[in-house]
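Asks: Here it is: the structure, laid out below.
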Amino acid sequence: MNDGLQICIHRGTNQIGGSCVELQYAGKRIVVDLGLPLDAELEATDLPDIPSIHSDDGSLLGFLLSHGHRDHWGLLPKLPPAINVHLGRKTLSIMTAAAPFIPGGYAPVASVTYSDGQQFELGPFKITPYLMDHSGFDAYGFLIEVGGKRVYYSGDIRGHGRKAALFERFIKSPPSAIDVLLMEGSSLGRLQAGERFETEAEIENRLLDVMKTASGMVLVACSAQNIDRVVSVYRAAKRSGRQLLVDAYAAEVLKATDTKSIPKPTEEWSDVKVYIPQAQRRFLKEKNIASLVDAYKGRRVFPEALRSEAARSVMIIRPWMLRDLERAGALDEATAVWSQWDGYLKDETGTRFVEACAASSIRFEIIHTSGHADPHDLKRFSEAVSPMKLVPIHTFHPEQFDGLFANVVRSSDGEWFNA
Ligand SMILES: [Zn+2]
Ligand SMILES: [Zn+2]
C-alpha cells in the first residue's frame with residue numbers, strides 16, 4: 001500500500017444494502033456505513049474484513065453513518081461499543097425512539113452527532129455532511145477531504161420527495177473538484193430508460209382520491225420511519241376531512257423527528273390521535289415502557305370508539321394490526337393501501353395481509369414511490385459533481401452505470417483502489 005488515500009468498498013459494489021466503505025490515509029482509517037445486506041439475518045452475517053475494528057492500534061478513527069436505514073447501520077450492533085459512531089442528531093433520536101419497538105432495534109452506544117454543512121475532523125479526514133432528500137429522514141451524503149484528495153459519498157438520494165429542494169440545492173452548488181464519487185444506483189434495473197418515479201406530491205394526490213371515495217376506514221401500510229410518506233398520508237387525510245391515527249411506535253418516531261412541520265400526537269396537531277392495539281399494550285408493559293402512553297393523554301382513541309370513528313379516520317398500520325381492528329369492528333367498508341415497496345408483498349407477511357384483506361372484503365390499493373433517485377436524476381447528480389472517477393455502489397446493476405454516466409470505474413467488494 002502507498003501513502004495516498006486508498007478506498008475499499010467492503011460491501012455494496014453489486015448489491016443494494018450492506019453498504020460499507022473504508023478509507024485509509026497515512027495509517028488512519030474511517031468507515032462509512034456498516035449495513036446489513038437486504039434479506040440477511042444479523043446473527044448469520046459476519047462483519048466485513050476490517051482488521052482495525054478488532055485492534056487497539058488507534059488507526060480506526062470512527063464510523064460515519066449516512067442515515068437510519070438498516071441496510072446502512074444493520075451491522076453496527078456487532079461493533080465493540082467503544083468505537084464512535086458519527087450520525088445526524090435526528091437520526092440518533094429516531095433510532096433511539098424506534099429501538100424498543102423493532103426486532104433487532106439499536107442505537108449506538110458511543111454516538112457523536114454532526115450537522116448539515118458543518119465540517120468536522122477525524123484525524124487527517126475533513127468531513128462535511130450534506131443533508132439530502134431520501135425516504136429515510138435526516139439522510140446525508142459526505143464530502144471527505146484528505147491528503148489533497150476529495151471524495152464524495154452520495155449516501156441514498158432522490159430528487160422527487162418532500163425535500164426535493166435539498167436535491168436541487170446540491171445540483172446548484174455541488175462540491176467541486178471531486179476525485180472520486182461513490183454514487184448509489186438503486187433504481188437501475190427497476191425502471192425502463194426514460195421512465196420517472198412519481199413524486200411524493202403525486203402520491204399525496206392519489207392517497208387523497210382513495211380517502212375521498214372510501215366510505216369506511218382507510219388503512220395505510222407504510223413505514224412510520226418514512227416520514228415523507230407519513231406527511232403525505234397526513235396531508236391527504238386532512239384534505240379529505242379525516243383524522244390520522246397512529247400506534248405508539250409511529251407516535252414515538254414522529255415525536256423523535258423533533259421537527260415542527262412533522263405531524264405528531266401533540267397539542268399542536270389536534271387531528272393526529274393514538275390508537276394502541278391490544279398486542280402493543282401488552283408489549284409496552286413487557287418492555288417496561290407503558291408509561292410513555294401518559295404523554296398521549298387526551299389524544300387517544302380507544303377500541304370501543306374505533307367503530308364509530310372509522311369513517312372519518314385514516315390509520316397507519318402494520319399488517320399484524322388488522323386482526324385487532326377486526327375485533328374492534330372497525331373494518332366495515334374499509335380500504336387498505338399498501339404504501340411501501342411491493343416486493344414485500346411477496347413475503348409471508350405481505351401474502352397473508354393480502355389474503356386477510358380479501359377475506360374481510362377490504363378494498364386493496366398500492367400507492368407508493370421509490371425512496372431513491374431515478375436514472376434521470378442520478379444523471380443530473382453525477383453531471384453536477386462531474387468527478388474524475390465515478391464508482392458505483394448500492395446497486396444490483398453496476399454494469400448499467402457505463403451507459404448512463406461519465407468516468408465510471410467499477411470496483412469489486414473488498415478491493416482497494418487509489419483515489
Ligand atoms: Zn436508505
Ligand atoms: Zn440504502
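Chain labels A, B, ... are given in the sequence in which chains occur in the C-alpha cells; within each chain residues are numbered consecutively from 1, and ligands are likewise numbered from 1 in the order shown.
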Write as a VMD selection string the residues around ligand 1, taking 7 Å as the cut-off and counting only C-alpha atoms and all ligand atoms.
Replies: chain A and resid 67 69 134 to 136 156
Asks: Could you please extract the residues within 10 Å of ligand 2, counting only C-alpha atoms and all ligand atoms, and hand them back as a ChimeraX atom specification?
Replies: /A:12,15-19,33,35-38,66-73,134-136,155-157,184-186,371-372,393-395
Asks: Write the residues of the selection above to a file with N, CA, C and O atoms, as a compact mmCIF listing (two decimals), in the first residue's frame.
Replies:
# COMPACT_ATOMS: atom_id res chain seq x y z
N GLY A 12 -21.24 -3.70 -1.29
CA GLY A 12 -22.13 -2.75 -1.94
C GLY A 12 -21.82 -2.47 -3.40
O GLY A 12 -22.51 -1.70 -4.04
N GLN A 15 -24.67 -4.84 -4.96
CA GLN A 15 -25.94 -5.12 -4.29
C GLN A 15 -26.47 -3.85 -3.63
O GLN A 15 -25.72 -2.91 -3.36
N ILE A 16 -27.78 -3.85 -3.41
CA ILE A 16 -28.39 -2.79 -2.62
C ILE A 16 -28.41 -3.28 -1.19
O ILE A 16 -28.91 -4.37 -0.92
N GLY A 17 -27.86 -2.51 -0.29
CA GLY A 17 -27.83 -2.96 1.10
C GLY A 17 -26.46 -3.47 1.46
O GLY A 17 -25.66 -3.85 0.59
N GLY A 18 -26.18 -3.43 2.76
CA GLY A 18 -24.89 -3.92 3.23
C GLY A 18 -23.77 -2.94 2.99
O GLY A 18 -22.58 -3.26 3.17
N SER A 19 -24.11 -1.71 2.59
CA SER A 19 -23.07 -0.74 2.23
C SER A 19 -22.03 -0.58 3.32
O SER A 19 -22.36 -0.43 4.50
N ASP A 33 -20.72 3.84 6.83
CA ASP A 33 -21.85 2.90 6.85
C ASP A 33 -21.37 1.45 7.13
O ASP A 33 -20.24 1.07 6.79
N GLY A 35 -23.81 -1.56 6.84
CA GLY A 35 -25.18 -2.04 6.70
C GLY A 35 -25.32 -3.54 6.71
O GLY A 35 -24.35 -4.28 6.52
N LEU A 36 -26.57 -3.95 6.91
CA LEU A 36 -26.92 -5.36 6.79
C LEU A 36 -27.43 -5.55 5.37
O LEU A 36 -28.31 -4.80 4.93
N PRO A 37 -26.89 -6.54 4.62
CA PRO A 37 -27.42 -6.77 3.27
C PRO A 37 -28.92 -7.07 3.34
O PRO A 37 -29.41 -7.61 4.32
N LEU A 38 -29.67 -6.68 2.31
CA LEU A 38 -31.10 -6.95 2.26
C LEU A 38 -31.32 -8.45 2.43
O LEU A 38 -30.55 -9.25 1.92
N SER A 66 -24.62 7.36 7.37
CA SER A 66 -25.27 8.35 6.48
C SER A 66 -26.72 8.58 6.85
O SER A 66 -27.22 9.69 6.77
N HIS A 67 -27.44 7.51 7.26
CA HIS A 67 -28.85 7.66 7.66
C HIS A 67 -29.33 6.40 8.37
O HIS A 67 -28.60 5.42 8.45
N GLY A 68 -30.58 6.45 8.83
CA GLY A 68 -31.06 5.40 9.74
C GLY A 68 -31.71 4.19 9.10
O GLY A 68 -32.55 3.56 9.74
N HIS A 69 -31.34 3.85 7.87
CA HIS A 69 -31.86 2.62 7.27
C HIS A 69 -30.94 1.45 7.61
O HIS A 69 -29.72 1.58 7.58
N ARG A 70 -31.59 0.31 7.86
CA ARG A 70 -30.83 -0.86 8.33
C ARG A 70 -29.79 -1.35 7.31
O ARG A 70 -28.78 -1.94 7.70
N ASP A 71 -30.03 -1.08 6.03
CA ASP A 71 -29.02 -1.52 5.04
C ASP A 71 -27.77 -0.64 5.11
O ASP A 71 -26.80 -0.85 4.39
N HIS A 72 -27.79 0.33 6.06
CA HIS A 72 -26.60 1.18 6.29
C HIS A 72 -26.05 1.03 7.72
O HIS A 72 -24.86 1.20 7.92
N TRP A 73 -26.95 0.73 8.69
CA TRP A 73 -26.44 0.59 10.07
C TRP A 73 -26.51 -0.83 10.63
O TRP A 73 -25.98 -1.10 11.71
N HIS A 134 -34.41 11.90 0.77
CA HIS A 134 -34.44 10.43 0.72
C HIS A 134 -35.65 9.99 1.53
O HIS A 134 -36.18 10.77 2.32
N SER A 135 -36.07 8.74 1.34
CA SER A 135 -37.21 8.25 2.13
C SER A 135 -36.85 8.10 3.60
O SER A 135 -37.73 8.13 4.47
N GLY A 136 -35.58 7.91 3.89
CA GLY A 136 -35.13 7.91 5.29
C GLY A 136 -34.94 9.37 5.72
O GLY A 136 -34.39 10.17 4.95
N GLY A 155 -24.44 8.59 -0.34
CA GLY A 155 -25.49 8.08 0.53
C GLY A 155 -26.69 7.71 -0.34
O GLY A 155 -26.54 7.51 -1.54
N ASP A 156 -27.86 7.60 0.26
CA ASP A 156 -29.08 7.31 -0.50
C ASP A 156 -29.76 8.63 -0.83
O ASP A 156 -29.97 9.45 0.07
N ILE A 157 -30.12 8.82 -2.08
CA ILE A 157 -30.65 10.13 -2.50
C ILE A 157 -31.84 9.98 -3.43
O ILE A 157 -32.03 8.95 -4.08
N GLU A 184 -24.83 5.98 -5.43
CA GLU A 184 -25.80 4.89 -5.39
C GLU A 184 -26.53 4.76 -6.72
O GLU A 184 -26.66 5.72 -7.47
N GLY A 185 -27.02 3.56 -7.01
CA GLY A 185 -27.76 3.33 -8.25
C GLY A 185 -28.89 2.34 -8.03
O GLY A 185 -29.10 1.42 -8.82
N SER A 186 -29.66 2.57 -6.95
CA SER A 186 -30.73 1.62 -6.59
C SER A 186 -31.75 1.44 -7.70
O SER A 186 -32.31 0.36 -7.87
N GLY A 371 -37.84 5.53 -2.71
CA GLY A 371 -37.03 6.42 -1.88
C GLY A 371 -35.73 6.82 -2.56
O GLY A 371 -34.92 7.54 -1.98
N HIS A 372 -35.54 6.35 -3.80
CA HIS A 372 -34.25 6.55 -4.49
C HIS A 372 -34.45 7.29 -5.81
O HIS A 372 -35.49 7.17 -6.45
N ILE A 393 -22.03 2.12 -6.36
CA ILE A 393 -22.28 1.48 -5.07
C ILE A 393 -23.80 1.39 -4.88
O ILE A 393 -24.54 2.11 -5.55
N HIS A 394 -24.24 0.49 -3.98
CA HIS A 394 -25.67 0.40 -3.61
C HIS A 394 -26.51 0.19 -4.86
O HIS A 394 -27.47 0.91 -5.13
N THR A 395 -26.15 -0.84 -5.64
CA THR A 395 -26.87 -1.11 -6.89
C THR A 395 -26.75 -2.60 -7.23
O THR A 395 -25.75 -3.22 -6.92
Asks: For Gly147 in chain A, work out the shell of residues within 10 Å, counting only C-alpha atoms and skipping chain neighbours fewer than 5 positions away, then give it as a PyMOL selection string.
Replies: chain A and resi 3-5+25-26+124-126
Asks: Would you mind exporting the chosen residues as a compact mmCIF listing (two decimals), in the first residue's frame, restricted to N, CA and C atoms?
Replies:
# COMPACT_ATOMS: atom_id res chain seq x y z
N ASP A 3 1.21 5.74 0.24
CA ASP A 3 0.88 6.73 1.27
C ASP A 3 -0.39 7.53 0.98
N GLY A 4 -0.85 7.48 -0.25
CA GLY A 4 -2.02 8.30 -0.61
C GLY A 4 -3.30 7.73 -0.05
N LEU A 5 -4.40 8.41 -0.37
CA LEU A 5 -5.71 7.94 0.08
C LEU A 5 -6.08 6.67 -0.67
N TYR A 25 -5.75 6.58 5.08
CA TYR A 25 -4.74 7.56 4.68
C TYR A 25 -3.71 7.68 5.80
N ALA A 26 -2.45 7.55 5.46
CA ALA A 26 -1.35 7.70 6.41
C ALA A 26 -1.57 6.90 7.69
N PRO A 124 -6.76 13.14 10.10
CA PRO A 124 -6.49 13.91 8.88
C PRO A 124 -7.72 14.08 7.99
N PHE A 125 -8.83 13.39 8.31
CA PHE A 125 -10.01 13.44 7.44
C PHE A 125 -10.90 14.63 7.81
N LYS A 126 -11.21 15.45 6.81
CA LYS A 126 -12.16 16.55 7.00
C LYS A 126 -13.48 16.12 6.35
Asks: Determine which residues of range 64-170 of chain A receive a DSSP assignment of strand (DSSP E), computed from the backbone, and state them as JSON, numbers by chain.
Replies: {"A": [64, 85, 86, 87, 88, 111, 112, 113, 114, 120, 121, 122, 125, 126, 127, 128, 129, 130, 131, 132, 139, 140, 141, 142, 143, 144, 145, 146, 149, 150, 151, 152, 153]}
Asks: Grab the residues selected above and save them as a tab-separated table (two decimals), in the first residue's frame with N, CA, C and O atoms.
Replies:
chain	number	residue	atom	x	y	z
A	64	LEU	N	-18.87	6.62	10.16
A	64	LEU	CA	-19.84	7.63	9.74
A	64	LEU	C	-21.09	6.89	9.30
A	64	LEU	O	-21.01	5.97	8.47
A	85	VAL	N	-19.59	6.36	16.72
A	85	VAL	CA	-20.43	6.38	15.52
A	85	VAL	C	-20.93	7.82	15.34
A	85	VAL	O	-21.57	8.37	16.22
A	86	HIS	N	-20.59	8.41	14.20
A	86	HIS	CA	-21.00	9.79	13.90
A	86	HIS	C	-22.26	9.75	13.05
A	86	HIS	O	-22.27	9.09	12.00
A	87	LEU	N	-23.31	10.44	13.49
A	87	LEU	CA	-24.58	10.38	12.78
A	87	LEU	C	-25.36	11.68	12.99
A	87	LEU	O	-25.01	12.49	13.85
A	88	GLY	N	-26.42	11.86	12.20
A	88	GLY	CA	-27.25	13.05	12.35
A	88	GLY	C	-27.99	13.02	13.68
A	88	GLY	O	-28.36	11.95	14.16
A	111	SER	N	-22.08	7.68	20.56
A	111	SER	CA	-22.54	8.43	19.39
A	111	SER	C	-22.04	9.87	19.44
A	111	SER	O	-21.90	10.46	20.50
A	112	VAL	N	-21.74	10.39	18.26
A	112	VAL	CA	-21.34	11.79	18.12
A	112	VAL	C	-22.19	12.35	16.99
A	112	VAL	O	-22.22	11.75	15.91
A	113	THR	N	-22.92	13.43	17.21
A	113	THR	CA	-23.78	13.91	16.14
A	113	THR	C	-23.10	15.00	15.32
A	113	THR	O	-22.29	15.77	15.83
A	114	TYR	N	-23.45	15.02	14.03
A	114	TYR	CA	-22.95	16.05	13.12
A	114	TYR	C	-24.14	16.83	12.57
A	114	TYR	O	-25.29	16.41	12.74
A	120	PHE	N	-16.40	18.65	10.11
A	120	PHE	CA	-15.72	18.19	11.32
A	120	PHE	C	-14.53	17.34	10.91
A	120	PHE	O	-14.42	16.90	9.77
A	121	GLU	N	-13.62	17.15	11.87
A	121	GLU	CA	-12.39	16.43	11.55
A	121	GLU	C	-12.26	15.16	12.35
A	121	GLU	O	-12.56	15.11	13.54
A	122	LEU	N	-11.80	14.11	11.67
A	122	LEU	CA	-11.39	12.89	12.36
A	122	LEU	C	-9.94	12.67	11.92
A	122	LEU	O	-9.70	12.27	10.77
A	125	PHE	N	-8.83	13.39	8.31
A	125	PHE	CA	-10.01	13.44	7.44
A	125	PHE	C	-10.90	14.63	7.81
A	125	PHE	O	-11.28	14.80	8.98
A	126	LYS	N	-11.21	15.45	6.81
A	126	LYS	CA	-12.16	16.55	7.00
A	126	LYS	C	-13.48	16.12	6.35
A	126	LYS	O	-13.50	15.81	5.15
A	127	ILE	N	-14.55	16.14	7.14
A	127	ILE	CA	-15.83	15.60	6.65
A	127	ILE	C	-16.91	16.67	6.69
A	127	ILE	O	-17.10	17.33	7.71
A	128	THR	N	-17.60	16.84	5.56
A	128	THR	CA	-18.73	17.78	5.52
A	128	THR	C	-20.00	17.02	5.14
A	128	THR	O	-20.08	16.47	4.03
A	129	PRO	N	-20.98	16.95	6.04
A	129	PRO	CA	-22.24	16.27	5.72
A	129	PRO	C	-23.16	17.17	4.88
A	129	PRO	O	-23.24	18.37	5.11
A	130	TYR	N	-23.83	16.57	3.90
A	130	TYR	CA	-24.82	17.26	3.05
A	130	TYR	C	-26.18	16.61	3.27
A	130	TYR	O	-26.39	15.45	2.88
A	131	LEU	N	-27.11	17.36	3.86
A	131	LEU	CA	-28.46	16.83	4.07
A	131	LEU	C	-29.14	16.66	2.71
A	131	LEU	O	-29.11	17.56	1.88
A	132	MET	N	-29.74	15.48	2.48
A	132	MET	CA	-30.31	15.17	1.17
A	132	MET	C	-31.76	14.71	1.28
A	132	MET	O	-32.25	14.38	2.34
A	139	ALA	N	-31.10	12.22	6.17
A	139	ALA	CA	-30.14	11.41	5.40
A	139	ALA	C	-29.09	12.32	4.77
A	139	ALA	O	-29.41	13.38	4.24
A	140	TYR	N	-27.84	11.87	4.80
A	140	TYR	CA	-26.72	12.70	4.36
A	140	TYR	C	-25.84	12.01	3.34
A	140	TYR	O	-25.70	10.79	3.33
A	141	GLY	N	-25.20	12.85	2.51
A	141	GLY	CA	-24.03	12.45	1.76
A	141	GLY	C	-22.82	13.08	2.44
A	141	GLY	O	-22.98	13.97	3.28
A	142	PHE	N	-21.62	12.61	2.11
A	142	PHE	CA	-20.42	13.15	2.78
A	142	PHE	C	-19.37	13.58	1.76
A	142	PHE	O	-19.02	12.82	0.86
A	143	LEU	N	-18.85	14.81	1.98
A	143	LEU	CA	-17.62	15.22	1.31
A	143	LEU	C	-16.49	14.88	2.27
A	143	LEU	O	-16.51	15.29	3.44
A	144	ILE	N	-15.54	14.10	1.79
A	144	ILE	CA	-14.41	13.70	2.64
A	144	ILE	C	-13.12	14.18	1.98
A	144	ILE	O	-12.82	13.80	0.84
A	145	GLU	N	-12.40	15.04	2.69
A	145	GLU	CA	-11.15	15.60	2.16
A	145	GLU	C	-9.98	15.09	2.99
A	145	GLU	O	-10.03	15.18	4.22
A	146	VAL	N	-8.98	14.59	2.29
A	146	VAL	CA	-7.79	14.10	3.00
A	146	VAL	C	-6.63	13.98	2.02
A	146	VAL	O	-6.82	13.59	0.87
A	149	LYS	N	-6.90	14.96	-1.59
A	149	LYS	CA	-7.96	14.33	-2.40
A	149	LYS	C	-9.34	14.69	-1.85
A	149	LYS	O	-9.49	14.95	-0.65
A	150	ARG	N	-10.30	14.68	-2.77
A	150	ARG	CA	-11.68	14.97	-2.38
A	150	ARG	C	-12.61	13.86	-2.87
A	150	ARG	O	-12.69	13.59	-4.06
A	151	VAL	N	-13.26	13.22	-1.89
A	151	VAL	CA	-14.15	12.09	-2.20
A	151	VAL	C	-15.57	12.51	-1.81
A	151	VAL	O	-15.76	13.15	-0.78
A	152	TYR	N	-16.56	12.15	-2.63
A	152	TYR	CA	-17.94	12.39	-2.22
A	152	TYR	C	-18.69	11.06	-2.21
A	152	TYR	O	-18.65	10.29	-3.18
A	153	TYR	N	-19.35	10.78	-1.08
A	153	TYR	CA	-20.17	9.59	-0.92
A	153	TYR	C	-21.62	10.04	-0.98
A	153	TYR	O	-22.05	10.85	-0.17
Asks: Pull the alpha helix (DSSP H) assignments for range 17-175 of chain A out of DSSP run on the backbone, and list those residues as a list of chain:residue names.
Replies: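 Here are the alpha helix (DSSP H) residues of range 17-175 of chain A: A:Arg70, A:Asp71, A:His72, A:Trp73, A:Arg89, A:Lys90, A:Thr91, A:Leu92, A:Ser93, A:Ile94, A:Met95, A:Thr96, A:Ala97, A:Ala98, A:Ala164, A:Ala165, A:Leu166, A:Phe167, A:Glu168, A:Arg169, A:Phe170, A:Ile171, A:Lys172.
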Asks: Would you mind listing what lies within 10 Å of Asp342 in chain A as a count of residues only, with only C-alpha atoms counted and same-chain residues fewer than 2 positions away left out?
Replies: 12
